[in-house]
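Listing of target10.cif, mmCIF, C-alpha atoms and all ligand atoms
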```cif
data_upload
#
loop_
_atom_site.group_PDB
_atom_site.id
_atom_site.type_symbol
_atom_site.label_atom_id
_atom_site.label_comp_id
_atom_site.auth_asym_id
_atom_site.auth_seq_id
_atom_site.Cartn_x
_atom_site.Cartn_y
_atom_site.Cartn_z
ATOM 1 C CA MET A 7 -73.636 50.004 27.058
ATOM 2 C CA ASN A 8 -71.169 47.885 29.000
ATOM 3 C CA ASN A 9 -68.989 45.127 27.625
ATOM 4 C CA GLN A 10 -68.431 46.722 24.243
ATOM 5 C CA HIS A 11 -65.994 45.136 21.856
ATOM 6 C CA ALA A 12 -65.192 45.559 18.167
ATOM 7 C CA GLN A 13 -67.754 43.907 15.910
ATOM 8 C CA LEU A 14 -65.740 42.701 12.944
ATOM 9 C CA ILE A 15 -68.295 40.274 11.621
ATOM 10 C CA HIS A 16 -71.942 41.100 10.963
ATOM 11 C CA ARG A 17 -74.661 38.493 10.714
ATOM 12 C CA ASN A 18 -77.097 38.581 7.798
ATOM 13 C CA LYS A 19 -80.687 39.443 8.749
ATOM 14 C CA LEU A 20 -81.962 36.376 6.889
ATOM 15 C CA ASN A 21 -79.957 33.926 9.005
ATOM 16 C CA PRO A 22 -79.972 31.022 8.886
ATOM 17 C CA ILE A 23 -79.999 31.288 5.099
ATOM 18 C CA LEU A 24 -80.302 27.544 4.366
ATOM 19 C CA THR A 25 -81.858 24.817 6.473
ATOM 20 C CA ALA A 26 -83.035 21.222 5.994
ATOM 21 C CA ASP A 27 -86.531 22.613 5.296
ATOM 22 C CA ASN A 28 -85.235 24.181 2.072
ATOM 23 C CA TRP A 29 -83.958 20.839 0.751
ATOM 24 C CA PRO A 30 -85.587 19.172 -2.252
ATOM 25 C CA TYR A 31 -85.110 15.703 -0.711
ATOM 26 C CA PRO A 32 -85.304 14.400 2.880
ATOM 27 C CA ILE A 33 -82.197 15.183 4.952
ATOM 28 C CA ASN A 34 -81.259 15.680 8.589
ATOM 29 C CA SER A 35 -79.212 18.869 8.367
ATOM 30 C CA VAL A 36 -77.176 21.116 6.083
ATOM 31 C CA PHE A 37 -74.079 22.985 7.299
ATOM 32 C CA ASN A 38 -70.315 23.606 6.724
ATOM 33 C CA ALA A 39 -70.404 24.691 3.065
ATOM 34 C CA GLY A 40 -67.508 25.474 0.732
ATOM 35 C CA ALA A 41 -68.132 28.626 -1.327
ATOM 36 C CA THR A 42 -67.016 30.205 -4.570
ATOM 37 C CA LEU A 43 -68.094 32.808 -7.096
ATOM 38 C CA LEU A 44 -68.715 31.336 -10.550
ATOM 39 C CA PRO A 45 -67.558 33.335 -13.618
ATOM 40 C CA ASP A 46 -71.067 34.780 -14.124
ATOM 41 C CA GLY A 47 -71.119 36.127 -10.551
ATOM 42 C CA THR A 48 -73.336 33.371 -9.155
ATOM 43 C CA THR A 49 -72.477 32.285 -5.615
ATOM 44 C CA LEU A 50 -72.102 28.527 -5.386
ATOM 45 C CA LEU A 51 -72.192 26.794 -2.034
ATOM 46 C CA LEU A 52 -71.107 23.175 -1.892
ATOM 47 C CA CYS A 53 -73.063 22.231 1.195
ATOM 48 C CA ARG A 54 -72.354 19.401 3.568
ATOM 49 C CA VAL A 55 -75.645 17.561 3.833
ATOM 50 C CA GLU A 56 -76.139 14.974 6.536
ATOM 51 C CA ASP A 57 -78.664 12.344 5.545
ATOM 52 C CA ARG A 58 -81.056 10.589 7.844
ATOM 53 C CA ARG A 59 -78.535 7.803 8.523
ATOM 54 C CA GLY A 60 -75.994 10.336 9.848
ATOM 55 C CA LEU A 61 -73.663 10.132 6.804
ATOM 56 C CA SER A 62 -72.732 13.250 4.850
ATOM 57 C CA HIS A 63 -72.525 14.071 1.123
ATOM 58 C CA PHE A 64 -72.325 17.324 -0.836
ATOM 59 C CA CYS A 65 -75.099 19.226 -2.562
ATOM 60 C CA ALA A 66 -74.664 22.485 -4.509
ATOM 61 C CA ALA A 67 -76.865 25.534 -3.927
ATOM 62 C CA ARG A 68 -76.610 28.544 -6.243
ATOM 63 C CA SER A 69 -77.780 32.140 -5.751
ATOM 64 C CA ALA A 70 -77.456 35.297 -7.860
ATOM 65 C CA ASN A 71 -76.903 37.578 -4.836
ATOM 66 C CA GLY A 72 -75.339 35.140 -2.352
ATOM 67 C CA PHE A 73 -78.004 35.462 0.331
ATOM 68 C CA ASP A 74 -81.386 34.411 -1.028
ATOM 69 C CA GLY A 75 -83.111 32.819 -4.029
ATOM 70 C CA TRP A 76 -81.043 29.645 -3.643
ATOM 71 C CA VAL A 77 -81.481 27.015 -6.347
ATOM 72 C CA ILE A 78 -80.536 23.661 -4.877
ATOM 73 C CA ASP A 79 -79.488 20.654 -6.940
ATOM 74 C CA PRO A 80 -82.497 18.284 -6.956
ATOM 75 C CA GLN A 81 -80.292 15.387 -5.863
ATOM 76 C CA PRO A 82 -76.861 14.972 -4.217
ATOM 77 C CA THR A 83 -74.057 16.638 -6.232
ATOM 78 C CA LEU A 84 -71.252 14.443 -4.885
ATOM 79 C CA LEU A 85 -71.904 11.253 -2.956
ATOM 80 C CA PRO A 86 -69.313 9.230 -1.061
ATOM 81 C CA ASP A 87 -67.945 6.439 -3.262
ATOM 82 C CA PRO A 88 -66.833 3.748 -0.804
ATOM 83 C CA VAL A 89 -66.510 1.124 -3.552
ATOM 84 C CA ASN A 90 -63.743 2.928 -5.439
ATOM 85 C CA HIS A 91 -62.653 5.045 -2.471
ATOM 86 C CA PRO A 92 -62.904 2.951 0.703
ATOM 87 C CA GLU A 93 -61.733 5.984 2.687
ATOM 88 C CA GLU A 94 -65.190 7.498 2.088
ATOM 89 C CA LEU A 95 -66.891 4.663 3.999
ATOM 90 C CA TRP A 96 -68.728 6.904 6.448
ATOM 91 C CA GLY A 97 -69.254 9.923 4.220
ATOM 92 C CA ILE A 98 -67.616 13.109 2.993
ATOM 93 C CA GLU A 99 -67.638 16.322 5.011
ATOM 94 C CA ASP A 100 -66.614 19.985 5.211
ATOM 95 C CA PRO A 101 -65.557 20.902 1.629
ATOM 96 C CA ARG A 102 -63.193 23.859 1.089
ATOM 97 C CA ILE A 103 -63.060 25.231 -2.467
ATOM 98 C CA THR A 104 -60.079 26.949 -4.102
ATOM 99 C CA PHE A 105 -60.099 28.091 -7.723
ATOM 100 C CA VAL A 106 -56.753 27.122 -9.256
ATOM 101 C CA LYS A 107 -55.990 29.408 -12.199
ATOM 102 C CA GLU A 108 -53.135 27.262 -13.473
ATOM 103 C CA LEU A 109 -55.472 24.272 -13.861
ATOM 104 C CA LYS A 110 -58.600 26.279 -14.694
ATOM 105 C CA LYS A 111 -60.330 24.026 -12.168
ATOM 106 C CA TYR A 112 -61.758 24.228 -8.689
ATOM 107 C CA ALA A 113 -59.974 22.143 -6.074
ATOM 108 C CA VAL A 114 -62.345 20.727 -3.493
ATOM 109 C CA VAL A 115 -60.508 19.546 -0.393
ATOM 110 C CA TYR A 116 -62.729 17.640 2.016
ATOM 111 C CA THR A 117 -62.839 15.274 4.937
ATOM 112 C CA ALA A 118 -63.237 11.599 4.066
ATOM 113 C CA TYR A 119 -64.665 9.739 7.029
ATOM 114 C CA THR A 120 -62.596 6.558 7.015
ATOM 115 C CA ARG A 121 -62.853 3.476 9.206
ATOM 116 C CA ASP A 122 -59.940 4.981 11.157
ATOM 117 C CA GLY A 123 -61.324 8.495 11.517
ATOM 118 C CA PRO A 124 -61.192 11.586 9.315
ATOM 119 C CA GLY A 125 -58.653 11.932 6.485
ATOM 120 C CA VAL A 126 -58.147 14.637 3.844
ATOM 121 C CA SER A 127 -59.266 14.013 0.251
ATOM 122 C CA LEU A 128 -59.036 16.069 -2.927
ATOM 123 C CA ALA A 129 -61.215 16.293 -6.025
ATOM 124 C CA LEU A 130 -60.982 18.681 -8.974
ATOM 125 C CA THR A 131 -63.963 19.978 -10.925
ATOM 126 C CA GLU A 132 -64.696 22.479 -13.672
ATOM 127 C CA ASP A 133 -68.443 22.604 -13.281
ATOM 128 C CA PHE A 134 -69.517 21.110 -9.932
ATOM 129 C CA ILE A 135 -71.184 18.350 -11.935
ATOM 130 C CA ASN A 136 -68.250 16.080 -12.794
ATOM 131 C CA PHE A 137 -65.523 15.545 -10.208
ATOM 132 C CA GLU A 138 -62.069 14.039 -10.738
ATOM 133 C CA ARG A 139 -61.146 12.344 -7.458
ATOM 134 C CA TYR A 140 -57.502 12.294 -6.368
ATOM 135 C CA GLY A 141 -58.411 10.192 -3.333
ATOM 136 C CA ILE A 142 -56.988 10.572 0.121
ATOM 137 C CA ILE A 143 -54.003 12.945 0.348
ATOM 138 C CA MET A 144 -53.529 13.040 4.136
ATOM 139 C CA SER A 145 -54.069 9.871 6.138
ATOM 140 C CA PRO A 146 -56.236 9.799 9.283
ATOM 141 C CA GLU A 147 -56.582 11.521 11.600
ATOM 142 C CA ASP A 148 -56.431 14.749 9.684
ATOM 143 C CA LYS A 149 -59.009 17.328 8.546
ATOM 144 C CA ASP A 150 -59.705 21.095 8.215
ATOM 145 C CA ALA A 151 -57.675 21.332 5.004
ATOM 146 C CA ALA A 152 -57.535 23.682 2.013
ATOM 147 C CA LEU A 153 -55.266 24.226 -0.971
ATOM 148 C CA LEU A 154 -53.637 27.592 -1.688
ATOM 149 C CA PRO A 155 -54.625 28.902 -5.156
ATOM 150 C CA ASN A 156 -51.104 29.012 -6.577
ATOM 151 C CA ARG A 157 -47.825 27.141 -6.263
ATOM 152 C CA ILE A 158 -45.105 28.625 -4.098
ATOM 153 C CA ASP A 159 -41.553 27.921 -5.304
ATOM 154 C CA GLY A 160 -43.024 25.408 -7.754
ATOM 155 C CA LYS A 161 -44.915 23.433 -5.107
ATOM 156 C CA TRP A 162 -48.610 23.147 -4.312
ATOM 157 C CA VAL A 163 -49.388 24.076 -0.728
ATOM 158 C CA LEU A 164 -51.914 22.448 1.604
ATOM 159 C CA ILE A 165 -52.913 23.594 5.071
ATOM 160 C CA HIS A 166 -54.364 20.854 7.237
ATOM 161 C CA ARG A 167 -54.910 19.736 10.807
ATOM 162 C CA PRO A 168 -53.519 16.386 11.920
ATOM 163 C CA ILE A 169 -54.466 15.246 15.411
ATOM 164 C CA SER A 170 -51.775 14.437 17.898
ATOM 165 C CA ALA A 171 -54.182 13.759 20.759
ATOM 166 C CA PRO A 172 -55.018 15.462 22.996
ATOM 167 C CA ARG A 173 -53.783 18.488 21.007
ATOM 168 C CA ALA A 174 -54.321 19.528 17.384
ATOM 169 C CA HIS A 175 -52.403 22.200 15.475
ATOM 170 C CA MET A 176 -52.369 23.596 11.933
ATOM 171 C CA TRP A 177 -49.742 22.118 9.625
ATOM 172 C CA ILE A 178 -48.563 22.963 6.116
ATOM 173 C CA SER A 179 -47.363 20.495 3.457
ATOM 174 C CA TYR A 180 -46.105 20.680 -0.113
ATOM 175 C CA SER A 181 -46.515 18.668 -3.307
ATOM 176 C CA PRO A 182 -45.110 18.712 -6.832
ATOM 177 C CA ASP A 183 -48.220 17.076 -8.331
ATOM 178 C CA LEU A 184 -51.133 17.280 -5.848
ATOM 179 C CA ILE A 185 -50.676 13.550 -5.162
ATOM 180 C CA HIS A 186 -47.404 13.174 -3.249
ATOM 181 C CA TRP A 187 -47.238 15.392 -0.173
ATOM 182 C CA GLY A 188 -44.307 16.059 2.130
ATOM 183 C CA ASN A 189 -42.032 18.614 3.764
ATOM 184 C CA HIS A 190 -44.621 18.808 6.555
ATOM 185 C CA LYS A 191 -44.199 21.752 8.911
ATOM 186 C CA LEU A 192 -46.058 23.025 11.931
ATOM 187 C CA MET A 193 -47.744 26.252 10.809
ATOM 188 C CA MET A 194 -49.567 27.460 13.885
ATOM 189 C CA ASN A 195 -50.028 25.777 17.229
ATOM 190 C CA ALA A 196 -52.987 25.712 19.559
ATOM 191 C CA ARG A 197 -52.358 27.790 22.661
ATOM 192 C CA LYS A 198 -52.399 26.232 26.089
ATOM 193 C CA GLY A 199 -54.231 26.748 29.367
ATOM 194 C CA ALA A 200 -57.326 28.911 29.555
ATOM 195 C CA TRP A 201 -57.088 30.507 26.093
ATOM 196 C CA TRP A 202 -60.137 30.351 23.773
ATOM 197 C CA ASP A 203 -57.946 28.550 21.218
ATOM 198 C CA ALA A 204 -56.174 26.213 23.639
ATOM 199 C CA ASN A 205 -55.400 22.613 22.661
ATOM 200 C CA LYS A 206 -57.343 22.375 19.398
ATOM 201 C CA ILE A 207 -57.389 24.712 16.417
ATOM 202 C CA GLY A 208 -57.971 24.260 12.684
ATOM 203 C CA LEU A 209 -58.214 26.207 9.454
ATOM 204 C CA SER A 210 -61.727 27.426 8.756
ATOM 205 C CA PRO A 211 -62.211 28.671 5.139
ATOM 206 C CA PRO A 212 -59.269 28.716 2.703
ATOM 207 C CA PRO A 213 -56.844 31.601 3.414
ATOM 208 C CA ILE A 214 -57.751 35.006 1.959
ATOM 209 C CA GLU A 215 -55.010 36.506 -0.229
ATOM 210 C CA THR A 216 -54.336 40.155 0.689
ATOM 211 C CA PRO A 217 -51.435 42.478 -0.188
ATOM 212 C CA ASP A 218 -50.298 42.149 3.464
ATOM 213 C CA GLY A 219 -50.279 38.364 3.484
ATOM 214 C CA TRP A 220 -52.566 35.340 3.751
ATOM 215 C CA LEU A 221 -55.388 36.244 6.096
ATOM 216 C CA VAL A 222 -56.390 33.060 7.874
ATOM 217 C CA ILE A 223 -59.675 32.638 9.703
ATOM 218 C CA TYR A 224 -59.283 29.697 12.057
ATOM 219 C CA HIS A 225 -61.397 28.010 14.698
ATOM 220 C CA GLY A 226 -60.428 27.402 18.272
ATOM 221 C CA VAL A 227 -62.205 24.769 20.313
ATOM 222 C CA LYS A 228 -62.475 25.458 24.001
ATOM 223 C CA GLN A 229 -63.415 22.314 25.915
ATOM 224 C CA PRO A 230 -64.998 23.232 29.255
ATOM 225 C CA CYS A 231 -67.032 20.656 31.209
ATOM 226 C CA GLY A 232 -70.307 21.900 29.754
ATOM 227 C CA GLY A 233 -69.279 21.033 26.157
ATOM 228 C CA CYS A 234 -67.109 22.453 23.393
ATOM 229 C CA ILE A 235 -67.329 26.042 22.129
ATOM 230 C CA TYR A 236 -66.176 26.676 18.539
ATOM 231 C CA ARG A 237 -65.063 30.281 18.038
ATOM 232 C CA LEU A 238 -63.160 32.075 15.265
ATOM 233 C CA GLY A 239 -59.917 33.998 15.313
ATOM 234 C CA ILE A 240 -57.615 35.458 12.663
ATOM 235 C CA ALA A 241 -53.921 35.401 11.848
ATOM 236 C CA LEU A 242 -51.738 36.686 9.016
ATOM 237 C CA PHE A 243 -49.054 34.677 7.203
ATOM 238 C CA ASP A 244 -46.304 35.696 4.797
ATOM 239 C CA LEU A 245 -47.462 35.593 1.156
ATOM 240 C CA ASN A 246 -44.277 33.978 -0.156
ATOM 241 C CA ASN A 247 -43.646 31.812 2.862
ATOM 242 C CA PRO A 248 -46.916 30.920 4.583
ATOM 243 C CA GLU A 249 -45.002 29.064 7.287
ATOM 244 C CA ILE A 250 -44.210 32.475 8.757
ATOM 245 C CA CYS A 251 -46.911 33.878 11.019
ATOM 246 C CA LEU A 252 -46.752 37.680 10.889
ATOM 247 C CA LYS A 253 -49.579 38.389 13.316
ATOM 248 C CA ARG A 254 -51.977 36.373 15.406
ATOM 249 C CA GLY A 255 -55.012 37.915 17.057
ATOM 250 C CA ASP A 256 -55.408 37.471 20.768
ATOM 251 C CA GLU A 257 -59.195 37.606 21.205
ATOM 252 C CA TRP A 258 -61.684 35.649 19.165
ATOM 253 C CA ILE A 259 -63.597 37.677 16.566
ATOM 254 C CA PHE A 260 -66.760 35.593 16.263
ATOM 255 C CA ALA A 261 -68.550 33.231 18.626
ATOM 256 C CA PRO A 262 -71.877 31.410 18.860
ATOM 257 C CA GLU A 263 -74.333 33.977 20.240
ATOM 258 C CA GLU A 264 -77.587 33.529 18.335
ATOM 259 C CA PRO A 265 -80.064 30.725 19.114
ATOM 260 C CA TYR A 266 -79.399 28.997 15.750
ATOM 261 C CA GLU A 267 -75.665 28.917 16.638
ATOM 262 C CA GLN A 268 -76.124 27.816 20.247
ATOM 263 C CA HIS A 269 -78.748 25.112 19.702
ATOM 264 C CA GLY A 270 -78.852 22.329 17.154
ATOM 265 C CA ASP A 271 -77.324 18.905 16.600
ATOM 266 C CA VAL A 272 -74.055 20.244 18.045
ATOM 267 C CA GLY A 273 -74.660 23.464 19.966
ATOM 268 C CA ASN A 274 -72.200 26.361 20.299
ATOM 269 C CA VAL A 275 -70.598 25.908 16.901
ATOM 270 C CA VAL A 276 -69.840 28.478 14.197
ATOM 271 C CA PHE A 277 -67.869 26.735 11.466
ATOM 272 C CA PRO A 278 -67.144 28.513 8.158
ATOM 273 C CA CYS A 279 -65.695 26.499 5.269
ATOM 274 C CA GLY A 280 -66.025 29.148 2.559
ATOM 275 C CA TYR A 281 -66.261 32.803 1.646
ATOM 276 C CA THR A 282 -66.722 35.005 -1.390
ATOM 277 C CA ILE A 283 -65.251 38.480 -1.910
ATOM 278 C CA GLY A 284 -67.546 41.323 -3.007
ATOM 279 C CA ALA A 285 -67.077 43.490 -6.101
ATOM 280 C CA ASP A 286 -65.345 46.152 -3.944
ATOM 281 C CA GLY A 287 -62.507 43.683 -3.305
ATOM 282 C CA ASP A 288 -62.946 44.187 0.443
ATOM 283 C CA THR A 289 -66.260 42.753 1.596
ATOM 284 C CA VAL A 290 -66.003 39.124 2.665
ATOM 285 C CA ASN A 291 -69.151 37.012 2.769
ATOM 286 C CA ILE A 292 -68.448 34.242 5.214
ATOM 287 C CA TYR A 293 -70.662 31.149 4.988
ATOM 288 C CA TYR A 294 -70.690 29.152 8.179
ATOM 289 C CA GLY A 295 -72.296 26.084 9.601
ATOM 290 C CA ALA A 296 -74.356 26.963 12.669
ATOM 291 C CA ALA A 297 -74.661 24.299 15.396
ATOM 292 C CA ASP A 298 -74.066 21.570 12.756
ATOM 293 C CA THR A 299 -77.655 22.182 11.663
ATOM 294 C CA SER A 300 -77.954 25.093 9.222
ATOM 295 C CA ILE A 301 -75.954 27.490 7.040
ATOM 296 C CA ALA A 302 -75.640 31.143 8.016
ATOM 297 C CA LEU A 303 -73.964 34.163 6.450
ATOM 298 C CA ALA A 304 -71.916 36.932 8.014
ATOM 299 C CA THR A 305 -70.052 39.795 6.422
ATOM 300 C CA SER A 306 -66.731 41.374 7.239
ATOM 301 C CA SER A 307 -64.133 43.665 5.673
ATOM 302 C CA ILE A 308 -60.600 42.599 4.809
ATOM 303 C CA LYS A 309 -59.281 46.073 5.697
ATOM 304 C CA GLU A 310 -60.998 46.051 9.073
ATOM 305 C CA MET A 311 -59.728 42.569 9.876
ATOM 306 C CA LEU A 312 -56.161 43.588 8.982
ATOM 307 C CA ASN A 313 -56.429 46.783 11.079
ATOM 308 C CA TRP A 314 -57.827 44.851 14.004
ATOM 309 C CA LEU A 315 -54.941 42.370 13.775
ATOM 310 C CA THR A 316 -52.454 45.209 13.987
ATOM 311 C CA GLN A 317 -54.071 46.316 17.244
ATOM 312 C CA HIS A 318 -54.717 42.895 18.724
ATOM 313 C CA SER A 319 -51.801 40.694 17.784
ATOM 314 C CA SER A 320 -49.701 38.980 20.369
HETATM 315 C C1 LIG B 401 -65.436 19.475 13.826
HETATM 316 C C2 LIG B 401 -65.833 19.045 12.434
HETATM 317 C C3 LIG B 401 -66.983 19.855 11.921
HETATM 318 C C4 LIG B 401 -68.069 20.097 12.937
HETATM 319 C C5 LIG B 401 -67.465 20.492 14.272
HETATM 320 C C6 LIG B 401 -68.510 20.647 15.375
HETATM 321 O O1 LIG B 401 -64.509 18.581 14.373
HETATM 322 O O2 LIG B 401 -66.173 17.699 12.454
HETATM 323 O O3 LIG B 401 -67.547 19.179 10.827
HETATM 324 O O4 LIG B 401 -68.892 21.132 12.476
HETATM 325 O O5 LIG B 401 -66.531 19.518 14.657
HETATM 326 O O6 LIG B 401 -69.225 19.450 15.565
#
```

For this file, produce the structure as structure tokens.
Amino acid sequence: MNNQHAQLIHRNKLNPILTADNWPYPINSVFNAGATLLPDGTTLLLCRVEDRRGLSHFCAARSANGFDGWVIDPQPTLLPDPVNHPEELWGIEDPRITFVKELKKYAVVYTAYTRDGPGVSLALTEDFINFERYGIIMSPEDKDAALLPNRIDGKWVLIHRPISAPRAHMWISYSPDLIHWGNHKLMMNARKGAWWDANKIGLSPPPIETPDGWLVIYHGVKQPCGGCIYRLGIALFDLNNPEICLKRGDEWIFAPEEPYEQHGDVGNVVFPCGYTIGADGDTVNIYYGAADTSIALATSSIKEMLNWLTQHSS
């Protein structure tokens, strides 16, 4: 067979695993879900649900094996609250979940769709029933954010993606209390020219902690005349100083190829916001929004991704 390349990421046979047809109440679409494993081994997806006005909220879906038998909350789990949080005027989107041992709570970092574009908001929860909102932590326009699970040198660490039009790069910021953020640094820039990740990149799921460093799956948005293509690449950052990029892959590792990824409300989009790690400590279950319409699952191996980076880093 011609045109062979390494397949690092394998789609689940049941894809897409969650669609609007599965929902217990009327919605337009369900995509871009945060993910975590609960203490009893249940996979929880905090799904971005777009209602039939076009505004998004979150709804939790739980499964014992992480690919089928989903039990979906009968009503929205977290709705925008524009009265107390005006920044949530046009909905909440793209949650990324990090379990924070020190707090014994899950941090949910999400996009608040403000009157002035997307901003980054934070809420903490113990049970995905009650949420403690911290409000907006990065002003618009900013999105694609996640918290690291532990402090580094006493400071909480947030990766995010401010827009400095027409380009958008990944930045890193620090906080003593999860409220006040500063010491902003450029973490990784979008490439230029014809590259698949030219001009606009952003963090996809929260970084994966490995002995070699933080393994970051990020999206690159190529913007040809025919419309954007969202693809995924990987990079590795120093565990103690995540501002330092140790390796960055040259080729993308995952791209929209299946009909449910190429066609939908926004075609040619694969957009993961969460993953879980299997009992072997190596298998990564990546949950991704497909074409802004459904949720799909693909599996990879941390070891294989790290090996591939060694061979393909620029
Ligand atoms: C990004 C985000 C995602 C969305 C993607 C493709 O900018 O807004 O929520 O999946 O665009 O439309």

Please identify the residues whose atoms come within 6 Å of ligand LIG 401 (chain B), using only C-alpha atoms and all ligand atoms, and report them as a short mmCIF file (atom, residue, chain, number, x, y, z; two decimals) with C-alpha atoms, keeping the file's coordinate frame.
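Wrote it out as pocket.cif, contents follow:
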```cif
data_model
loop_
_atom_site.label_atom_id
_atom_site.label_comp_id
_atom_site.auth_asym_id
_atom_site.auth_seq_id
_atom_site.Cartn_x
_atom_site.Cartn_y
_atom_site.Cartn_z
CA ASP A 100 -66.61 19.98 5.21
CA VAL A 272 -74.06 20.24 18.05
CA VAL A 275 -70.60 25.91 16.90
CA PHE A 277 -67.87 26.74 11.47
CA ASP A 298 -74.07 21.57 12.76
#
```

| task | Could you jot down the atom CA of Cys65 of chain A to atom CA of Leu95 of chain A separation for me, Å, one decimal place? | result |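 So the answer is 18.0 Å.
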
query = Just so the selection is clear, what residues does the PyMOL selection byres (((chain A and resi 301-316) around 8) and not hetatm) cover here, as a ChimeraX atom specification?
reply = /A:14-18,21-25,36-39,73,216,221,240-241,253-255,288-296,299-300,317-319

Using the file's own x, y and z axes, so that the box edges lie along x, y and z, what centre and edge lengths in Å (one decimal) does a box around every listed atom of segment 84-100 of chain A get when 6 Å is added on each side? Give it as JSON.
```
{"center_x": -66.8, "center_y": 10.6, "center_z": 0.5, "size_x": 22.2, "size_y": 30.9, "size_z": 23.9}
```

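Between atom CA of Pro265 of chain A and atom CA of His225 of chain A lies a distance of 19.4 Å.
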
**OP:** Quick one: everything within 8 Å of segment 152-167 of chain A, counting all atoms listed in the file, minus sequence neighbours fewer than 5 positions away in the same chain. Send it as a ChimeraX atom specification.
**Re:** /A:102-108,113-116,174-184,207-209,211-213,246-247

Item to complete: Please provide as a list of chain:residue names all residues within 10 Å of Pro262 of chain A, with the sequence filter that same-chain residues fewer than 2 positions apart are discarded (counting only C-alpha atoms).
Response: A:Ile235, A:Tyr236, A:Arg237, A:Leu238, A:Phe260, A:Glu264, A:Pro265, A:Tyr266, A:Glu267, A:Gln268, A:His269, A:Gly273, A:Asn274, A:Val275, A:Val276, A:Phe277, A:Ala296, A:Ala297

For the selection you just gave me, I'd like the residues written to a file as a short mmCIF file (atom, residue, chain, number, x, y, z; two decimals), in the coordinates of the input, keeping C-alpha atoms.
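Once written, result19.cif looks like this:
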```
data_model
loop_
_atom_site.label_atom_id
_atom_site.label_comp_id
_atom_site.auth_asym_id
_atom_site.auth_seq_id
_atom_site.Cartn_x
_atom_site.Cartn_y
_atom_site.Cartn_z
CA ILE A 235 -67.33 26.04 22.13
CA TYR A 236 -66.18 26.68 18.54
CA ARG A 237 -65.06 30.28 18.04
CA LEU A 238 -63.16 32.08 15.26
CA PHE A 260 -66.76 35.59 16.26
CA GLU A 264 -77.59 33.53 18.34
CA PRO A 265 -80.06 30.72 19.11
CA TYR A 266 -79.40 29.00 15.75
CA GLU A 267 -75.67 28.92 16.64
CA GLN A 268 -76.12 27.82 20.25
CA HIS A 269 -78.75 25.11 19.70
CA GLY A 273 -74.66 23.46 19.97
CA ASN A 274 -72.20 26.36 20.30
CA VAL A 275 -70.60 25.91 16.90
CA VAL A 276 -69.84 28.48 14.20
CA PHE A 277 -67.87 26.74 11.47
CA ALA A 296 -74.36 26.96 12.67
CA ALA A 297 -74.66 24.30 15.40
#
```

Name the residues that the PyMOL selection byres (((chain A and resi 193-198) around 8) and not hetatm) picks from the file above, as a short mmCIF file (atom, residue, chain, number, x, y, z; two decimals) with C-alpha atoms, in the coordinates of the input, using the file's chain letters and numbers.
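This went into selection03.cif:
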```
data_model
loop_
_atom_site.label_atom_id
_atom_site.label_comp_id
_atom_site.auth_asym_id
_atom_site.auth_seq_id
_atom_site.Cartn_x
_atom_site.Cartn_y
_atom_site.Cartn_z
CA ARG A 173 -53.78 18.49 21.01
CA ALA A 174 -54.32 19.53 17.38
CA HIS A 175 -52.40 22.20 15.48
CA MET A 176 -52.37 23.60 11.93
CA TRP A 177 -49.74 22.12 9.62
CA ILE A 178 -48.56 22.96 6.12
CA LYS A 191 -44.20 21.75 8.91
CA LEU A 192 -46.06 23.02 11.93
CA GLY A 199 -54.23 26.75 29.37
CA ALA A 200 -57.33 28.91 29.56
CA TRP A 201 -57.09 30.51 26.09
CA ASP A 203 -57.95 28.55 21.22
CA ALA A 204 -56.17 26.21 23.64
CA ASN A 205 -55.40 22.61 22.66
CA LYS A 206 -57.34 22.38 19.40
CA ILE A 207 -57.39 24.71 16.42
CA GLY A 226 -60.43 27.40 18.27
CA PRO A 248 -46.92 30.92 4.58
CA GLU A 249 -45.00 29.06 7.29
CA ILE A 250 -44.21 32.48 8.76
CA CYS A 251 -46.91 33.88 11.02
#
```

Name the residues in contact with segment 48-52 of chain A at a cut-off of 8 Å, using all atoms listed in the file, excluding same-chain residues fewer than 4 positions from it; report them as a list in words. Ala39, Gly40, Ala41, Thr42, Leu43, Leu44, Phe64, Cys65, Ala66, Ala67, Arg68, Ser69, Ala70, Asn71, Gly72, Pro101 and Thr282 of chain A
